[in-house]
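structure-v1.cif (mmCIF, N, CA, C and O atoms) appears below.
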```
data_upload
#
loop_
_atom_site.label_atom_id
_atom_site.label_comp_id
_atom_site.auth_asym_id
_atom_site.auth_seq_id
_atom_site.Cartn_x
_atom_site.Cartn_y
_atom_site.Cartn_z
N MET A 1 -14.34 49.58 11.46
CA MET A 1 -14.08 48.53 10.50
C MET A 1 -12.78 48.87 9.78
O MET A 1 -12.63 49.91 9.18
N GLY A 2 -11.85 47.91 9.79
CA GLY A 2 -10.57 48.13 9.13
C GLY A 2 -10.59 47.69 7.68
O GLY A 2 -11.57 47.13 7.19
N ALA A 3 -9.51 47.93 6.99
CA ALA A 3 -9.42 47.56 5.58
C ALA A 3 -9.47 46.04 5.40
O ALA A 3 -10.07 45.54 4.46
N ILE A 4 -8.86 45.31 6.30
CA ILE A 4 -8.86 43.84 6.21
C ILE A 4 -10.27 43.31 6.39
O ILE A 4 -10.69 42.40 5.68
N ASP A 5 -11.03 43.87 7.30
CA ASP A 5 -12.40 43.42 7.51
C ASP A 5 -13.27 43.70 6.29
O ASP A 5 -14.21 42.96 6.01
N ALA A 6 -12.99 44.75 5.57
CA ALA A 6 -13.77 45.07 4.38
C ALA A 6 -13.47 44.07 3.26
O ALA A 6 -14.35 43.68 2.50
N ILE A 7 -12.22 43.62 3.17
CA ILE A 7 -11.84 42.66 2.14
C ILE A 7 -12.31 41.25 2.51
O ILE A 7 -12.89 40.54 1.71
N ARG A 8 -12.05 40.87 3.73
CA ARG A 8 -12.39 39.53 4.20
C ARG A 8 -13.05 39.66 5.56
O ARG A 8 -12.38 39.71 6.59
N PRO A 9 -14.38 39.72 5.58
CA PRO A 9 -15.05 39.88 6.88
C PRO A 9 -14.78 38.69 7.79
O PRO A 9 -14.72 37.55 7.35
N SER A 10 -14.60 38.99 9.06
CA SER A 10 -14.34 37.92 10.02
C SER A 10 -15.64 37.17 10.31
O SER A 10 -16.72 37.75 10.39
N GLU A 11 -15.51 35.86 10.43
CA GLU A 11 -16.67 35.02 10.74
C GLU A 11 -16.79 34.91 12.25
O GLU A 11 -15.80 34.76 12.95
N SER A 12 -18.01 34.93 12.72
CA SER A 12 -18.20 34.82 14.16
C SER A 12 -18.03 33.38 14.62
O SER A 12 -17.64 33.13 15.75
N ASN A 13 -18.31 32.42 13.75
CA ASN A 13 -18.18 31.01 14.11
C ASN A 13 -17.47 30.26 12.96
O ASN A 13 -18.11 29.60 12.16
N PRO A 14 -16.14 30.35 12.88
CA PRO A 14 -15.43 29.70 11.77
C PRO A 14 -15.52 28.18 11.89
O PRO A 14 -15.52 27.62 12.98
N ARG A 15 -15.61 27.53 10.73
CA ARG A 15 -15.66 26.07 10.71
C ARG A 15 -14.26 25.49 10.85
O ARG A 15 -13.30 26.04 10.29
N PRO A 16 -14.13 24.37 11.56
CA PRO A 16 -12.81 23.72 11.63
C PRO A 16 -12.48 23.08 10.27
O PRO A 16 -13.38 22.76 9.50
N PRO A 17 -11.21 22.92 9.96
CA PRO A 17 -10.84 22.31 8.68
C PRO A 17 -11.33 20.86 8.61
O PRO A 17 -11.33 20.14 9.60
N ALA A 18 -11.78 20.46 7.42
CA ALA A 18 -12.26 19.08 7.23
C ALA A 18 -11.08 18.13 7.27
O ALA A 18 -10.05 18.38 6.66
N ARG A 19 -11.24 17.03 8.00
CA ARG A 19 -10.15 16.05 8.11
C ARG A 19 -10.55 14.69 7.56
O ARG A 19 -9.73 13.82 7.43
N PHE A 20 -11.81 14.48 7.26
CA PHE A 20 -12.30 13.23 6.69
C PHE A 20 -11.87 12.01 7.50
O PHE A 20 -11.51 10.98 6.96
N GLY A 21 -11.88 12.13 8.80
CA GLY A 21 -11.56 11.00 9.67
C GLY A 21 -10.08 10.68 9.75
O GLY A 21 -9.71 9.63 10.24
N ILE A 22 -9.23 11.55 9.27
CA ILE A 22 -7.79 11.30 9.28
C ILE A 22 -7.14 12.26 10.25
O ILE A 22 -7.32 13.47 10.15
N ASP A 23 -6.39 11.72 11.17
CA ASP A 23 -5.67 12.56 12.12
C ASP A 23 -4.28 12.80 11.57
O ASP A 23 -3.45 11.90 11.53
N SER A 24 -4.03 14.01 11.10
CA SER A 24 -2.75 14.31 10.46
C SER A 24 -1.60 14.30 11.46
O SER A 24 -0.44 14.25 11.07
N ARG A 25 -1.91 14.34 12.74
CA ARG A 25 -0.85 14.33 13.75
C ARG A 25 -0.35 12.93 14.04
O ARG A 25 0.69 12.74 14.63
N SER A 26 -1.10 11.90 13.64
CA SER A 26 -0.67 10.53 13.90
C SER A 26 0.44 10.14 12.93
O SER A 26 0.59 10.73 11.87
N GLY A 27 1.20 9.12 13.28
CA GLY A 27 2.29 8.67 12.43
C GLY A 27 1.84 7.83 11.26
O GLY A 27 2.63 7.44 10.42
N ALA A 28 0.55 7.50 11.17
CA ALA A 28 0.06 6.60 10.13
C ALA A 28 0.09 7.25 8.75
O ALA A 28 0.15 6.56 7.75
N GLY A 29 0.03 8.54 8.66
CA GLY A 29 0.03 9.21 7.37
C GLY A 29 -1.37 9.35 6.83
O GLY A 29 -2.35 8.94 7.44
N ASN A 30 -1.47 9.89 5.65
CA ASN A 30 -2.79 10.10 5.07
C ASN A 30 -3.21 8.89 4.25
O ASN A 30 -2.49 7.92 4.11
N VAL A 31 -4.39 8.96 3.69
CA VAL A 31 -4.97 7.83 2.98
C VAL A 31 -4.13 7.45 1.76
O VAL A 31 -3.85 6.28 1.52
N LEU A 32 -3.70 8.43 0.99
CA LEU A 32 -2.90 8.13 -0.19
C LEU A 32 -1.58 7.47 0.17
O LEU A 32 -1.12 6.55 -0.51
N SER A 33 -0.98 7.92 1.24
CA SER A 33 0.27 7.32 1.69
C SER A 33 0.06 5.86 2.08
O SER A 33 0.86 5.00 1.72
N ARG A 34 -1.01 5.59 2.81
CA ARG A 34 -1.29 4.21 3.22
C ARG A 34 -1.63 3.34 2.03
O ARG A 34 -1.22 2.18 1.96
N LEU A 35 -2.36 3.88 1.05
CA LEU A 35 -2.66 3.11 -0.16
C LEU A 35 -1.39 2.80 -0.94
O LEU A 35 -1.23 1.70 -1.48
N TRP A 36 -0.49 3.77 -1.03
CA TRP A 36 0.76 3.57 -1.74
C TRP A 36 1.60 2.49 -1.04
O TRP A 36 2.19 1.63 -1.69
N GLN A 37 1.64 2.53 0.29
CA GLN A 37 2.38 1.51 1.04
C GLN A 37 1.79 0.13 0.82
O GLN A 37 2.53 -0.85 0.66
N LEU A 38 0.47 0.04 0.79
CA LEU A 38 -0.20 -1.24 0.54
C LEU A 38 0.13 -1.74 -0.87
O LEU A 38 0.45 -2.91 -1.07
N TYR A 39 0.07 -0.84 -1.85
CA TYR A 39 0.41 -1.22 -3.23
C TYR A 39 1.84 -1.74 -3.31
O TYR A 39 2.10 -2.76 -3.95
N CYS A 40 2.77 -1.04 -2.69
CA CYS A 40 4.17 -1.46 -2.73
C CYS A 40 4.37 -2.83 -2.09
O CYS A 40 5.13 -3.66 -2.60
N LYS A 41 3.68 -3.07 -1.00
CA LYS A 41 3.77 -4.37 -0.31
C LYS A 41 3.24 -5.48 -1.21
O LYS A 41 3.88 -6.53 -1.36
N LEU A 42 2.08 -5.27 -1.82
CA LEU A 42 1.48 -6.28 -2.69
C LEU A 42 2.32 -6.50 -3.95
O LEU A 42 2.50 -7.63 -4.40
N ALA A 43 2.86 -5.43 -4.51
CA ALA A 43 3.70 -5.55 -5.71
C ALA A 43 4.99 -6.32 -5.39
O ALA A 43 5.45 -7.13 -6.20
N SER A 44 5.53 -6.10 -4.22
CA SER A 44 6.74 -6.81 -3.81
C SER A 44 6.47 -8.31 -3.67
O SER A 44 7.27 -9.14 -4.12
N LYS A 45 5.34 -8.65 -3.06
CA LYS A 45 4.97 -10.06 -2.95
C LYS A 45 4.82 -10.70 -4.32
O LYS A 45 5.28 -11.81 -4.56
N ARG A 46 4.17 -9.98 -5.24
CA ARG A 46 3.95 -10.52 -6.58
C ARG A 46 5.27 -10.73 -7.32
O ARG A 46 5.47 -11.75 -7.97
N ARG A 47 6.17 -9.76 -7.20
CA ARG A 47 7.48 -9.91 -7.85
C ARG A 47 8.25 -11.10 -7.30
O ARG A 47 8.88 -11.86 -8.04
N SER A 48 8.18 -11.31 -5.99
CA SER A 48 8.86 -12.44 -5.36
C SER A 48 8.28 -13.76 -5.86
O SER A 48 9.02 -14.71 -6.13
N ARG A 49 6.97 -13.82 -5.97
CA ARG A 49 6.34 -15.05 -6.44
C ARG A 49 6.65 -15.32 -7.90
O ARG A 49 6.85 -16.47 -8.30
N LEU A 50 6.71 -14.28 -8.71
CA LEU A 50 7.08 -14.46 -10.12
C LEU A 50 8.53 -14.93 -10.25
O LEU A 50 8.85 -15.78 -11.08
N ALA A 51 9.41 -14.39 -9.42
CA ALA A 51 10.81 -14.80 -9.44
C ALA A 51 10.94 -16.25 -8.99
O ALA A 51 11.73 -17.02 -9.55
N LEU A 52 10.15 -16.66 -8.00
CA LEU A 52 10.16 -18.04 -7.53
C LEU A 52 9.72 -18.99 -8.64
O LEU A 52 10.28 -20.07 -8.81
N ASP A 53 8.76 -18.56 -9.43
CA ASP A 53 8.26 -19.38 -10.54
C ASP A 53 9.32 -19.58 -11.62
O ASP A 53 9.30 -20.59 -12.33
N GLU A 54 10.25 -18.65 -11.74
CA GLU A 54 11.27 -18.73 -12.79
C GLU A 54 12.51 -19.52 -12.38
O GLU A 54 13.36 -19.80 -13.22
N LEU A 55 12.61 -19.90 -11.10
CA LEU A 55 13.79 -20.63 -10.65
C LEU A 55 13.80 -22.05 -11.18
O LEU A 55 12.76 -22.70 -11.29
N SER A 56 14.99 -22.53 -11.48
CA SER A 56 15.14 -23.91 -11.96
C SER A 56 15.05 -24.88 -10.79
O SER A 56 15.13 -24.48 -9.62
N THR A 57 14.92 -26.16 -11.11
CA THR A 57 14.83 -27.19 -10.07
C THR A 57 16.10 -27.20 -9.22
O THR A 57 16.02 -27.36 -8.00
N HIS A 58 17.24 -27.00 -9.85
CA HIS A 58 18.51 -26.98 -9.13
C HIS A 58 18.54 -25.85 -8.09
O HIS A 58 18.94 -26.06 -6.94
N LEU A 59 18.10 -24.66 -8.49
CA LEU A 59 18.10 -23.53 -7.56
C LEU A 59 17.06 -23.71 -6.46
O LEU A 59 17.27 -23.31 -5.32
N LEU A 60 15.92 -24.31 -6.81
CA LEU A 60 14.90 -24.58 -5.79
C LEU A 60 15.43 -25.56 -4.74
O LEU A 60 15.14 -25.42 -3.55
N ASP A 61 16.20 -26.55 -5.18
CA ASP A 61 16.82 -27.49 -4.24
C ASP A 61 17.77 -26.78 -3.30
O ASP A 61 17.87 -27.12 -2.11
N ASP A 62 18.49 -25.78 -3.82
CA ASP A 62 19.43 -25.02 -3.00
C ASP A 62 18.73 -24.28 -1.86
O ASP A 62 19.30 -24.14 -0.77
N ILE A 63 17.54 -23.80 -2.10
CA ILE A 63 16.84 -23.05 -1.05
C ILE A 63 15.88 -23.94 -0.25
O ILE A 63 15.19 -23.47 0.65
N GLY A 64 15.82 -25.21 -0.60
CA GLY A 64 15.02 -26.17 0.17
C GLY A 64 13.54 -26.13 -0.13
O GLY A 64 12.72 -26.40 0.76
N VAL A 65 13.18 -25.82 -1.37
CA VAL A 65 11.77 -25.76 -1.76
C VAL A 65 11.57 -26.73 -2.93
O VAL A 65 12.37 -26.74 -3.87
N SER A 66 10.54 -27.53 -2.84
CA SER A 66 10.27 -28.45 -3.94
C SER A 66 9.64 -27.69 -5.11
O SER A 66 9.10 -26.59 -4.94
N GLU A 67 9.71 -28.30 -6.29
CA GLU A 67 9.14 -27.65 -7.47
C GLU A 67 7.63 -27.49 -7.32
O GLU A 67 7.06 -26.46 -7.70
N LYS A 68 6.99 -28.47 -6.74
CA LYS A 68 5.54 -28.41 -6.54
C LYS A 68 5.16 -27.27 -5.60
O LYS A 68 4.22 -26.52 -5.86
N GLU A 69 5.92 -27.11 -4.51
CA GLU A 69 5.66 -26.01 -3.57
C GLU A 69 5.87 -24.65 -4.23
O GLU A 69 5.08 -23.72 -4.01
N ALA A 70 6.92 -24.54 -5.04
CA ALA A 70 7.22 -23.28 -5.71
C ALA A 70 6.11 -22.91 -6.69
O ALA A 70 5.69 -21.76 -6.76
N ARG A 71 5.65 -23.88 -7.46
CA ARG A 71 4.59 -23.61 -8.44
C ARG A 71 3.28 -23.25 -7.75
O ARG A 71 2.55 -22.37 -8.20
N ARG A 72 2.99 -23.92 -6.64
CA ARG A 72 1.77 -23.62 -5.88
C ARG A 72 1.84 -22.20 -5.30
O ARG A 72 0.88 -21.44 -5.38
N GLU A 73 2.98 -21.83 -4.75
CA GLU A 73 3.14 -20.49 -4.18
C GLU A 73 3.08 -19.41 -5.26
O GLU A 73 2.51 -18.34 -5.05
N SER A 74 3.65 -19.68 -6.42
CA SER A 74 3.64 -18.68 -7.48
C SER A 74 2.25 -18.48 -8.07
O SER A 74 1.99 -17.45 -8.69
N ALA A 75 1.36 -19.44 -7.87
CA ALA A 75 -0.01 -19.32 -8.38
C ALA A 75 -0.93 -18.56 -7.42
O ALA A 75 -2.08 -18.25 -7.77
N VAL A 76 -0.45 -18.23 -6.24
CA VAL A 76 -1.26 -17.51 -5.25
C VAL A 76 -1.52 -16.10 -5.77
O VAL A 76 -0.59 -15.42 -6.23
N PRO A 77 -2.77 -15.61 -5.70
CA PRO A 77 -3.06 -14.24 -6.15
C PRO A 77 -2.30 -13.20 -5.33
O PRO A 77 -1.94 -13.43 -4.18
N PHE A 78 -2.06 -12.04 -5.92
CA PHE A 78 -1.24 -11.00 -5.27
C PHE A 78 -1.86 -10.47 -4.00
O PHE A 78 -1.15 -9.94 -3.15
N TRP A 79 -3.16 -10.56 -3.81
CA TRP A 79 -3.78 -9.97 -2.62
C TRP A 79 -3.70 -10.88 -1.41
O TRP A 79 -4.10 -10.49 -0.33
N ARG A 80 -3.19 -12.07 -1.55
CA ARG A 80 -3.06 -12.97 -0.38
C ARG A 80 -1.67 -12.96 0.15
O ARG A 80 -0.70 -12.78 -0.45
#
```
Starting from the file, lay out its structure as structure tokens.
Amino acid sequence: MGAIDAIRPSESNPRPPARFGIDSRSGAGNVLSRLWQLYCKLASKRRSRLALDELSTHLLDDIGVSEKEARRESAVPFWR
């Protein structure tokens, strides 16, 4: 028995590291990364809809959107 074995005995059947269903080798990233990406996507949509709601009738005409369409789109919840 060596000094290392006395400090940390070797296990005959070591457990594999817990992965919680996440493959770290895949390009998808971990759960927190995916949640952050989802949050950023939803926040971007919400900011765009709020900006659309603030446009004047003249600017809406420039982009080819009626005032009614703009108001309806800006009222859509952020999760859609």
> Could you pull the residues within 12 Å of A:Lys68, counting only C-alpha atoms, minus those fewer than 5 positions along the same chain, as a ChimeraX atom specification?
Replying inline: /A:52-53,56-57,60-61,73-75
> Around (2.9, -9.6, -7.0) in the file's own coordinates, what residues are found within 12 Å if you use only C-alpha atoms, given back as number ranges by chain?
Replying inline: A: 38-53, 73-80
> If you measure from atom CA of A:Ser66 to atom CA of A:Glu54, what distance in Å do you get, rounded to one decimal?
Replying inline: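 Value for the atom CA of A:Ser66-atom CA of A:Glu54 distance: 13.2 Å.
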Could you complete stretch 46-57 of chain A so that it carries all heavy atoms, and give it back as a short mmCIF file (atom, residue, chain, number, x, y, z; two decimals), in the frame of the given file?
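Everything below was put into result18.cif:
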```
data_model
loop_
_atom_site.label_atom_id
_atom_site.label_comp_id
_atom_site.auth_asym_id
_atom_site.auth_seq_id
_atom_site.Cartn_x
_atom_site.Cartn_y
_atom_site.Cartn_z
N ARG A 46 4.17 -9.98 -5.24
CA ARG A 46 3.95 -10.52 -6.58
C ARG A 46 5.27 -10.73 -7.32
O ARG A 46 5.47 -11.75 -7.97
CB ARG A 46 3.03 -9.59 -7.37
CG ARG A 46 2.66 -10.12 -8.72
CD ARG A 46 1.82 -11.37 -8.60
NE ARG A 46 1.58 -11.94 -9.91
CZ ARG A 46 1.47 -13.23 -10.15
NH1 ARG A 46 1.55 -14.09 -9.16
NH2 ARG A 46 1.26 -13.68 -11.35
N ARG A 47 6.17 -9.76 -7.20
CA ARG A 47 7.48 -9.91 -7.85
C ARG A 47 8.25 -11.10 -7.30
O ARG A 47 8.88 -11.86 -8.04
CB ARG A 47 8.31 -8.63 -7.68
CG ARG A 47 7.90 -7.51 -8.60
CD ARG A 47 8.91 -6.37 -8.56
NE ARG A 47 9.12 -5.85 -7.21
CZ ARG A 47 8.41 -4.85 -6.67
NH1 ARG A 47 7.46 -4.26 -7.37
NH2 ARG A 47 8.68 -4.43 -5.46
N SER A 48 8.18 -11.31 -5.99
CA SER A 48 8.86 -12.44 -5.36
C SER A 48 8.28 -13.76 -5.86
O SER A 48 9.02 -14.71 -6.13
CB SER A 48 8.72 -12.37 -3.83
OG SER A 48 9.36 -11.24 -3.33
N ARG A 49 6.97 -13.82 -5.97
CA ARG A 49 6.34 -15.05 -6.44
C ARG A 49 6.65 -15.32 -7.90
O ARG A 49 6.85 -16.47 -8.30
CB ARG A 49 4.83 -14.99 -6.21
CG ARG A 49 4.49 -15.11 -4.74
CD ARG A 49 3.02 -15.01 -4.48
NE ARG A 49 2.75 -15.24 -3.06
CZ ARG A 49 1.79 -14.65 -2.39
NH1 ARG A 49 0.98 -13.80 -2.99
NH2 ARG A 49 1.61 -14.91 -1.12
N LEU A 50 6.71 -14.28 -8.71
CA LEU A 50 7.08 -14.46 -10.12
C LEU A 50 8.53 -14.93 -10.25
O LEU A 50 8.85 -15.78 -11.08
CB LEU A 50 6.86 -13.17 -10.91
CG LEU A 50 5.40 -12.78 -11.14
CD1 LEU A 50 5.33 -11.41 -11.81
CD2 LEU A 50 4.68 -13.82 -11.97
N ALA A 51 9.41 -14.39 -9.42
CA ALA A 51 10.81 -14.80 -9.44
C ALA A 51 10.94 -16.25 -8.99
O ALA A 51 11.73 -17.02 -9.55
CB ALA A 51 11.64 -13.89 -8.54
N LEU A 52 10.15 -16.66 -8.00
CA LEU A 52 10.16 -18.04 -7.53
C LEU A 52 9.72 -18.99 -8.64
O LEU A 52 10.28 -20.07 -8.81
CB LEU A 52 9.24 -18.17 -6.32
CG LEU A 52 9.17 -19.54 -5.64
CD1 LEU A 52 10.52 -19.90 -5.04
CD2 LEU A 52 8.10 -19.53 -4.56
N ASP A 53 8.76 -18.56 -9.43
CA ASP A 53 8.26 -19.38 -10.54
C ASP A 53 9.32 -19.58 -11.62
O ASP A 53 9.30 -20.59 -12.33
CB ASP A 53 7.01 -18.74 -11.13
CG ASP A 53 6.29 -19.64 -12.10
OD1 ASP A 53 6.24 -20.87 -11.85
OD2 ASP A 53 5.76 -19.14 -13.11
N GLU A 54 10.25 -18.65 -11.74
CA GLU A 54 11.27 -18.73 -12.79
C GLU A 54 12.51 -19.52 -12.38
O GLU A 54 13.36 -19.80 -13.22
CB GLU A 54 11.69 -17.32 -13.21
CG GLU A 54 10.57 -16.55 -13.89
CD GLU A 54 10.97 -15.12 -14.22
OE1 GLU A 54 12.13 -14.74 -13.94
OE2 GLU A 54 10.12 -14.41 -14.78
N LEU A 55 12.61 -19.90 -11.10
CA LEU A 55 13.79 -20.63 -10.65
C LEU A 55 13.80 -22.05 -11.18
O LEU A 55 12.76 -22.70 -11.29
CB LEU A 55 13.85 -20.66 -9.12
CG LEU A 55 14.08 -19.34 -8.41
CD1 LEU A 55 14.06 -19.54 -6.90
CD2 LEU A 55 15.39 -18.72 -8.84
N SER A 56 14.99 -22.53 -11.48
CA SER A 56 15.14 -23.91 -11.96
C SER A 56 15.05 -24.88 -10.79
O SER A 56 15.13 -24.48 -9.62
CB SER A 56 16.47 -24.06 -12.68
OG SER A 56 17.53 -23.93 -11.75
N THR A 57 14.92 -26.16 -11.11
CA THR A 57 14.83 -27.19 -10.07
C THR A 57 16.10 -27.20 -9.22
O THR A 57 16.02 -27.36 -8.00
CB THR A 57 14.63 -28.57 -10.72
OG1 THR A 57 13.51 -28.50 -11.60
CG2 THR A 57 14.37 -29.63 -9.69
#
```
